[in-house]
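Notes for the one structure printed next.
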Amino acid sequence: GKESSPLELLILGAFRYLGRGLTFDDLEESTAISEEVHRNFFHKFIEVGSTILYEKWVKAPQSEEEVKQHMYEFLLAGLPGAFGSTDATHIVHELCRWNKKRAHIGFKSKHATRTYNLTANHRRRILASTLGNPGSFNDKTLILFDTFIKDIKNGTILDDFEFELLEMCGDEVVAVKYKGVWLVVDNGYRNWSTTVPPHKNSVLRTEIRWSEWLEFCV
């Protein structure tokens, strides 16, 4: 039968389409593989990548031993108990249908977007992500669809981890033990004990210094 197109070129073409914004026509000129073949392969590649490859390579920590791998930089920075940061990530949705465009335009963008709540460690390794949601969702809404962070909040996972914080008790500094873990976030998130933002409004030098340090560590 007819020899198939080189799989390596099709995969590289899919990455070029995603990362550099090339069109399928551009890929045809670069690889001598028709744009229709690239288009059909791309949809299959995305399906496999978002299911099989995602489940294989994107592993959210579920135990104390697993979460310790992501805490090193935060411990060095004086943030025991933290293992990552989370924030909304927007991706432009260029071919959004007109009847859905309103829901996909947020207050920060003029373009329709899909938004994902993404959690990563300090080495930029993605630990967890939600599915795509309309770009008009703010952080407070988006986190309600993040099962990983909600499981941490509810104590379903990573509740067996213990860490110490130094606190003032009168004139003495004492070590107080806490259970669980937490994530660094910005001020758009809900006021949960497991999502810690910098202080939004403060006149105390100690709070301002701590907030600046927290933002610097993200």
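Here, A, B, ... name the chains of the structure tokens in the order displayed, residue numbers run from 1 inside each chain, and ligands are numbered from 1 in the same displayed order.
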
From the DSSP assignment of the backbone, select every residue of region 33-130 of chain A that is alpha helix (DSSP H), and format the answer as a PyMOL selection string.
chain A and resi 35-48+54-57+64-68+72-76+98-101

Counting only C-alpha atoms, which residues in region 58-129 of chain A sit no more than 12 Å from region 187-202 of chain A? For each one, give the nearest pair of atoms and the distance in Å, sorted by chain then residue number, as JSON lines.
{"residue": "A:Leu79", "atom": "CA", "partner": "A:Val196", "partner_atom": "CA", "distance": 10.8}
{"residue": "A:Gly81", "atom": "CA", "partner": "A:Thr194", "partner_atom": "CA", "distance": 9.6}
{"residue": "A:Ala82", "atom": "CA", "partner": "A:Thr194", "partner_atom": "CA", "distance": 9.0}
{"residue": "A:Phe83", "atom": "CA", "partner": "A:Thr194", "partner_atom": "CA", "distance": 11.0}
{"residue": "A:Gly84", "atom": "CA", "partner": "A:Thr195", "partner_atom": "CA", "distance": 10.2}
{"residue": "A:Ser85", "atom": "CA", "partner": "A:Thr195", "partner_atom": "CA", "distance": 8.8}
{"residue": "A:Thr86", "atom": "CA", "partner": "A:Thr195", "partner_atom": "CA", "distance": 8.6}
{"residue": "A:Asp87", "atom": "CA", "partner": "A:Tyr189", "partner_atom": "CA", "distance": 8.8}
{"residue": "A:Ala88", "atom": "CA", "partner": "A:Gly188", "partner_atom": "CA", "distance": 9.8}
{"residue": "A:Asn117", "atom": "CA", "partner": "A:Tyr189", "partner_atom": "CA", "distance": 11.0}
{"residue": "A:Thr119", "atom": "CA", "partner": "A:Thr195", "partner_atom": "CA", "distance": 11.5}

Env of region 97-111 of chain A: 7 Å cut, atoms = only C-alpha atoms, seq-sep filter 2 positions within chain, self excluded. Answer as a PDB file with N, CA, C and O atoms, in the first residue's frame.
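And here's part-v2.pdb as it stands now:
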ATOM      1  N   VAL A  92      -5.883  31.893  23.905  1.00  0.00           N
ATOM      2  CA  VAL A  92      -6.799  32.544  22.959  1.00  0.00           C
ATOM      3  C   VAL A  92      -7.598  31.503  22.172  1.00  0.00           C
ATOM      4  O   VAL A  92      -7.043  30.526  21.665  1.00  0.00           O
ATOM      5  N   LEU A  95     -11.435  30.804  17.088  1.00  0.00           N
ATOM      6  CA  LEU A  95     -12.621  30.436  16.306  1.00  0.00           C
ATOM      7  C   LEU A  95     -13.829  30.175  17.212  1.00  0.00           C
ATOM      8  O   LEU A  95     -14.603  29.257  16.990  1.00  0.00           O
ATOM      9  N   THR A 113     -11.130  33.548  25.107  1.00  0.00           N
ATOM     10  CA  THR A 113     -10.099  32.634  25.609  1.00  0.00           C
ATOM     11  C   THR A 113     -10.730  31.451  26.328  1.00  0.00           C
ATOM     12  O   THR A 113     -11.893  31.493  26.754  1.00  0.00           O
ATOM     13  N   ARG A 114      -9.951  30.385  26.448  1.00  0.00           N
ATOM     14  CA  ARG A 114     -10.259  29.276  27.363  1.00  0.00           C
ATOM     15  C   ARG A 114      -9.281  29.401  28.514  1.00  0.00           C
ATOM     16  O   ARG A 114      -8.097  29.696  28.317  1.00  0.00           O
ATOM     17  N   PRO A 134     -14.664  28.730  30.228  1.00  0.00           N
ATOM     18  CA  PRO A 134     -14.817  30.023  29.555  1.00  0.00           C
ATOM     19  C   PRO A 134     -13.904  31.090  30.151  1.00  0.00           C
ATOM     20  O   PRO A 134     -13.707  31.142  31.373  1.00  0.00           O
ATOM     21  N   GLY A 135     -13.340  31.933  29.303  1.00  0.00           N
ATOM     22  CA  GLY A 135     -12.386  32.935  29.744  1.00  0.00           C
ATOM     23  C   GLY A 135     -12.947  33.982  30.688  1.00  0.00           C
ATOM     24  O   GLY A 135     -12.191  34.718  31.315  1.00  0.00           O
ATOM     25  N   SER A 136     -14.268  34.097  30.794  1.00  0.00           N
ATOM     26  CA  SER A 136     -14.860  35.074  31.707  1.00  0.00           C
ATOM     27  C   SER A 136     -14.826  34.607  33.164  1.00  0.00           C
ATOM     28  O   SER A 136     -15.102  35.387  34.071  1.00  0.00           O
TER      29      SER A 136
END

Between A:Cys169, A:Ile149, A:Ile91, A:Val67, which has the minimum distance to Val184 (chain A) (counting only C-alpha atoms)?
A:Ile149

If we count only C-alpha atoms, what is near region 17-25 of chain A at a cut-off of 10 Å, once residues fewer than 6 positions away on the same chain are taken out, given as JSON, numbers by chain?
{"A": [11, 33, 34, 35, 36, 37, 38, 39, 42, 46]}

Write a file of the selected residues as a CSV table (one decimal), in the first residue's frame, keeping C-alpha atoms.
chain,number,residue,atom,x,y,z
A,11,ILE,CA,4.4,15.4,15.6
A,33,ILE,CA,2.9,16.6,3.6
A,34,SER,CA,-0.5,18.0,2.7
A,35,GLU,CA,-2.2,20.4,5.0
A,36,GLU,CA,-5.3,18.1,5.2
A,37,VAL,CA,-3.1,15.3,6.6
A,38,HIS,CA,-1.6,17.7,9.1
A,39,ARG,CA,-5.0,18.9,10.1
A,42,PHE,CA,-3.5,17.4,14.8
A,46,ILE,CA,-4.7,16.6,20.7

12 Å contact set for region 49-52 of chain A, only C-alpha atoms, chain neighbours under 4 positions out, as a ChimeraX atom specification:
/A:11,14-15,41-45,56-58,129-132

Written selection (N, CA and C atoms) as a short mmCIF file (atom, residue, chain, number, x, y, z; two decimals), in the first residue's frame:
data_model
loop_
_atom_site.label_atom_id
_atom_site.label_comp_id
_atom_site.auth_asym_id
_atom_site.auth_seq_id
_atom_site.Cartn_x
_atom_site.Cartn_y
_atom_site.Cartn_z
N ILE A 11 4.30 14.95 14.20
CA ILE A 11 4.35 15.39 15.61
C ILE A 11 5.02 16.76 15.72
N ALA A 14 2.61 19.35 14.64
CA ALA A 14 1.60 19.65 15.67
C ALA A 14 2.16 20.60 16.72
N PHE A 15 3.42 20.38 17.12
CA PHE A 15 4.05 21.28 18.09
C PHE A 15 4.26 22.68 17.51
N PHE A 41 -4.27 14.82 11.50
CA PHE A 41 -3.38 14.28 12.52
C PHE A 41 -3.41 15.14 13.78
N PHE A 42 -3.48 16.46 13.61
CA PHE A 42 -3.46 17.36 14.76
C PHE A 42 -4.62 17.07 15.72
N HIS A 43 -5.82 16.87 15.19
CA HIS A 43 -6.97 16.59 16.05
C HIS A 43 -6.80 15.27 16.80
N LYS A 44 -6.23 14.27 16.14
CA LYS A 44 -5.96 13.00 16.81
C LYS A 44 -4.88 13.17 17.88
N PHE A 45 -3.86 13.96 17.54
CA PHE A 45 -2.75 14.19 18.47
C PHE A 45 -3.24 14.88 19.74
N LYS A 56 -0.45 9.96 31.82
CA LYS A 56 0.84 9.29 32.04
C LYS A 56 1.88 10.22 32.64
N TRP A 57 1.92 11.48 32.21
CA TRP A 57 3.02 12.36 32.57
C TRP A 57 2.67 13.45 33.57
N VAL A 58 1.41 13.88 33.63
CA VAL A 58 1.02 14.92 34.59
C VAL A 58 0.49 14.23 35.83
N SER A 129 -3.94 20.42 36.48
CA SER A 129 -4.64 21.44 35.71
C SER A 129 -6.11 21.05 35.60
N THR A 130 -6.95 22.06 35.53
CA THR A 130 -8.36 21.80 35.25
C THR A 130 -8.54 21.61 33.75
N LEU A 131 -9.73 21.22 33.35
CA LEU A 131 -10.10 21.26 31.95
C LEU A 131 -10.34 22.72 31.56
N GLY A 132 -10.48 22.99 30.28
CA GLY A 132 -10.71 24.35 29.82
C GLY A 132 -12.07 24.87 30.24
#

State, in Å with one decimal place, the distance from CA of Val185 (chain A) to CA of Ala77 (chain A).
15.8 Å

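You will find CA of Gly180 (chain A) at 10.7 Å from CA of Ser63 (chain A).
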
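Between CA of Cys96 (chain A) and CA of Asn40 (chain A) the separation is 19.6 Å.
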
Close residues, Ala175 (chain A) itself excluded, 8 Å, only C-alpha atoms, min 3 positions apart in chain, as an NGL selection string:
:A and (164-167)

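Of the residues in region 77-135 of chain A, those that DSSP places in strand (DSSP E or B) on the basis of the backbone are Ala82, Phe83, Gly84, Ser85, Thr86, Asp87, Ala88, Thr89, His90, Ile91, Val92, Thr113, Arg114, Thr115, Tyr116, Asn117, Leu118, Thr119, Ala120, Ile126, Leu127, Ala128, Ser129, Asn133 and Pro134 of chain A.
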
With N, CA, C and O atoms retained, export the selected residues as an mmCIF file, in the first residue's frame.
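Below is the file selection-v3.cif, written as the result:
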data_model
loop_
_atom_site.group_PDB
_atom_site.id
_atom_site.type_symbol
_atom_site.label_atom_id
_atom_site.label_comp_id
_atom_site.auth_asym_id
_atom_site.auth_seq_id
_atom_site.Cartn_x
_atom_site.Cartn_y
_atom_site.Cartn_z
ATOM 1 N N ALA A 82 4.550 24.792 51.777
ATOM 2 C CA ALA A 82 4.200 25.129 50.393
ATOM 3 C C ALA A 82 4.922 24.182 49.448
ATOM 4 O O ALA A 82 6.063 23.801 49.682
ATOM 5 N N PHE A 83 4.251 23.802 48.376
ATOM 6 C CA PHE A 83 4.891 22.927 47.393
ATOM 7 C C PHE A 83 4.691 23.408 45.959
ATOM 8 O O PHE A 83 5.207 22.811 45.015
ATOM 9 N N GLY A 84 3.947 24.496 45.775
ATOM 10 C CA GLY A 84 3.707 24.979 44.419
ATOM 11 C C GLY A 84 2.895 26.254 44.430
ATOM 12 O O GLY A 84 2.515 26.762 45.492
ATOM 13 N N SER A 85 2.644 26.766 43.261
ATOM 14 C CA SER A 85 1.783 27.939 43.101
ATOM 15 C C SER A 85 0.734 27.633 42.038
ATOM 16 O O SER A 85 0.944 26.780 41.167
ATOM 17 N N THR A 86 -0.366 28.317 42.120
ATOM 18 C CA THR A 86 -1.453 28.074 41.171
ATOM 19 C C THR A 86 -2.017 29.393 40.671
ATOM 20 O O THR A 86 -2.050 30.389 41.399
ATOM 21 N N ASP A 87 -2.415 29.403 39.406
ATOM 22 C CA ASP A 87 -2.989 30.611 38.819
ATOM 23 C C ASP A 87 -3.754 30.228 37.555
ATOM 24 O O ASP A 87 -3.569 29.134 37.009
ATOM 25 N N ALA A 88 -4.582 31.141 37.095
ATOM 26 C CA ALA A 88 -5.334 30.918 35.865
ATOM 27 C C ALA A 88 -4.443 31.196 34.660
ATOM 28 O O ALA A 88 -3.680 32.160 34.650
ATOM 29 N N THR A 89 -4.540 30.336 33.661
ATOM 30 C CA THR A 89 -3.792 30.490 32.421
ATOM 31 C C THR A 89 -4.790 30.583 31.267
ATOM 32 O O THR A 89 -5.625 29.699 31.102
ATOM 33 N N HIS A 90 -4.701 31.659 30.480
ATOM 34 C CA HIS A 90 -5.637 31.884 29.380
ATOM 35 C C HIS A 90 -4.990 31.553 28.039
ATOM 36 O O HIS A 90 -3.842 31.911 27.786
ATOM 37 N N ILE A 91 -5.738 30.873 27.194
ATOM 38 C CA ILE A 91 -5.298 30.562 25.837
ATOM 39 C C ILE A 91 -6.339 31.117 24.865
ATOM 40 O O ILE A 91 -7.540 30.847 25.012
ATOM 41 N N VAL A 92 -5.883 31.893 23.905
ATOM 42 C CA VAL A 92 -6.799 32.544 22.959
ATOM 43 C C VAL A 92 -7.598 31.503 22.172
ATOM 44 O O VAL A 92 -7.043 30.526 21.665
ATOM 45 N N THR A 113 -11.130 33.548 25.107
ATOM 46 C CA THR A 113 -10.099 32.634 25.609
ATOM 47 C C THR A 113 -10.730 31.451 26.328
ATOM 48 O O THR A 113 -11.893 31.493 26.754
ATOM 49 N N ARG A 114 -9.951 30.385 26.448
ATOM 50 C CA ARG A 114 -10.259 29.276 27.363
ATOM 51 C C ARG A 114 -9.281 29.401 28.514
ATOM 52 O O ARG A 114 -8.097 29.696 28.317
ATOM 53 N N THR A 115 -9.756 29.204 29.733
ATOM 54 C CA THR A 115 -8.906 29.391 30.904
ATOM 55 C C THR A 115 -8.770 28.090 31.696
ATOM 56 O O THR A 115 -9.721 27.317 31.811
ATOM 57 N N TYR A 116 -7.574 27.887 32.212
ATOM 58 C CA TYR A 116 -7.223 26.668 32.951
ATOM 59 C C TYR A 116 -6.600 27.079 34.278
ATOM 60 O O TYR A 116 -5.750 27.968 34.319
ATOM 61 N N ASN A 117 -7.012 26.441 35.365
ATOM 62 C CA ASN A 117 -6.340 26.678 36.640
ATOM 63 C C ASN A 117 -5.179 25.701 36.738
ATOM 64 O O ASN A 117 -5.369 24.494 36.841
ATOM 65 N N LEU A 118 -3.970 26.231 36.679
ATOM 66 C CA LEU A 118 -2.775 25.401 36.549
ATOM 67 C C LEU A 118 -1.924 25.504 37.806
ATOM 68 O O LEU A 118 -1.654 26.596 38.300
ATOM 69 N N THR A 119 -1.509 24.349 38.323
ATOM 70 C CA THR A 119 -0.636 24.281 39.496
ATOM 71 C C THR A 119 0.726 23.749 39.077
ATOM 72 O O THR A 119 0.816 22.725 38.406
ATOM 73 N N ALA A 120 1.794 24.474 39.463
ATOM 74 C CA ALA A 120 3.150 24.070 39.091
ATOM 75 C C ALA A 120 4.083 24.241 40.281
ATOM 76 O O ALA A 120 3.821 25.050 41.187
ATOM 77 N N ILE A 126 4.454 21.177 35.656
ATOM 78 C CA ILE A 126 3.010 21.202 35.863
ATOM 79 C C ILE A 126 2.601 19.988 36.691
ATOM 80 O O ILE A 126 2.898 18.855 36.344
ATOM 81 N N LEU A 127 1.920 20.251 37.796
ATOM 82 C CA LEU A 127 1.486 19.187 38.696
ATOM 83 C C LEU A 127 0.012 18.846 38.515
ATOM 84 O O LEU A 127 -0.390 17.710 38.752
ATOM 85 N N ALA A 128 -0.780 19.813 38.119
ATOM 86 C CA ALA A 128 -2.220 19.569 37.933
ATOM 87 C C ALA A 128 -2.828 20.705 37.126
ATOM 88 O O ALA A 128 -2.294 21.816 37.097
ATOM 89 N N SER A 129 -3.937 20.419 36.477
ATOM 90 C CA SER A 129 -4.642 21.444 35.707
ATOM 91 C C SER A 129 -6.107 21.053 35.599
ATOM 92 O O SER A 129 -6.448 19.869 35.571
ATOM 93 N N ASN A 133 -12.124 26.138 30.620
ATOM 94 C CA ASN A 133 -13.358 26.802 31.011
ATOM 95 C C ASN A 133 -13.466 28.139 30.290
ATOM 96 O O ASN A 133 -12.472 28.665 29.772
ATOM 97 N N PRO A 134 -14.664 28.730 30.228
ATOM 98 C CA PRO A 134 -14.817 30.023 29.555
ATOM 99 C C PRO A 134 -13.904 31.090 30.151
ATOM 100 O O PRO A 134 -13.707 31.142 31.373
#

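Using only C-alpha atoms, the smallest distance between any of A:Met71, A:Ala32, A:Leu27, A:Leu158 and Ser5 (chain A) comes from A:Ala32.
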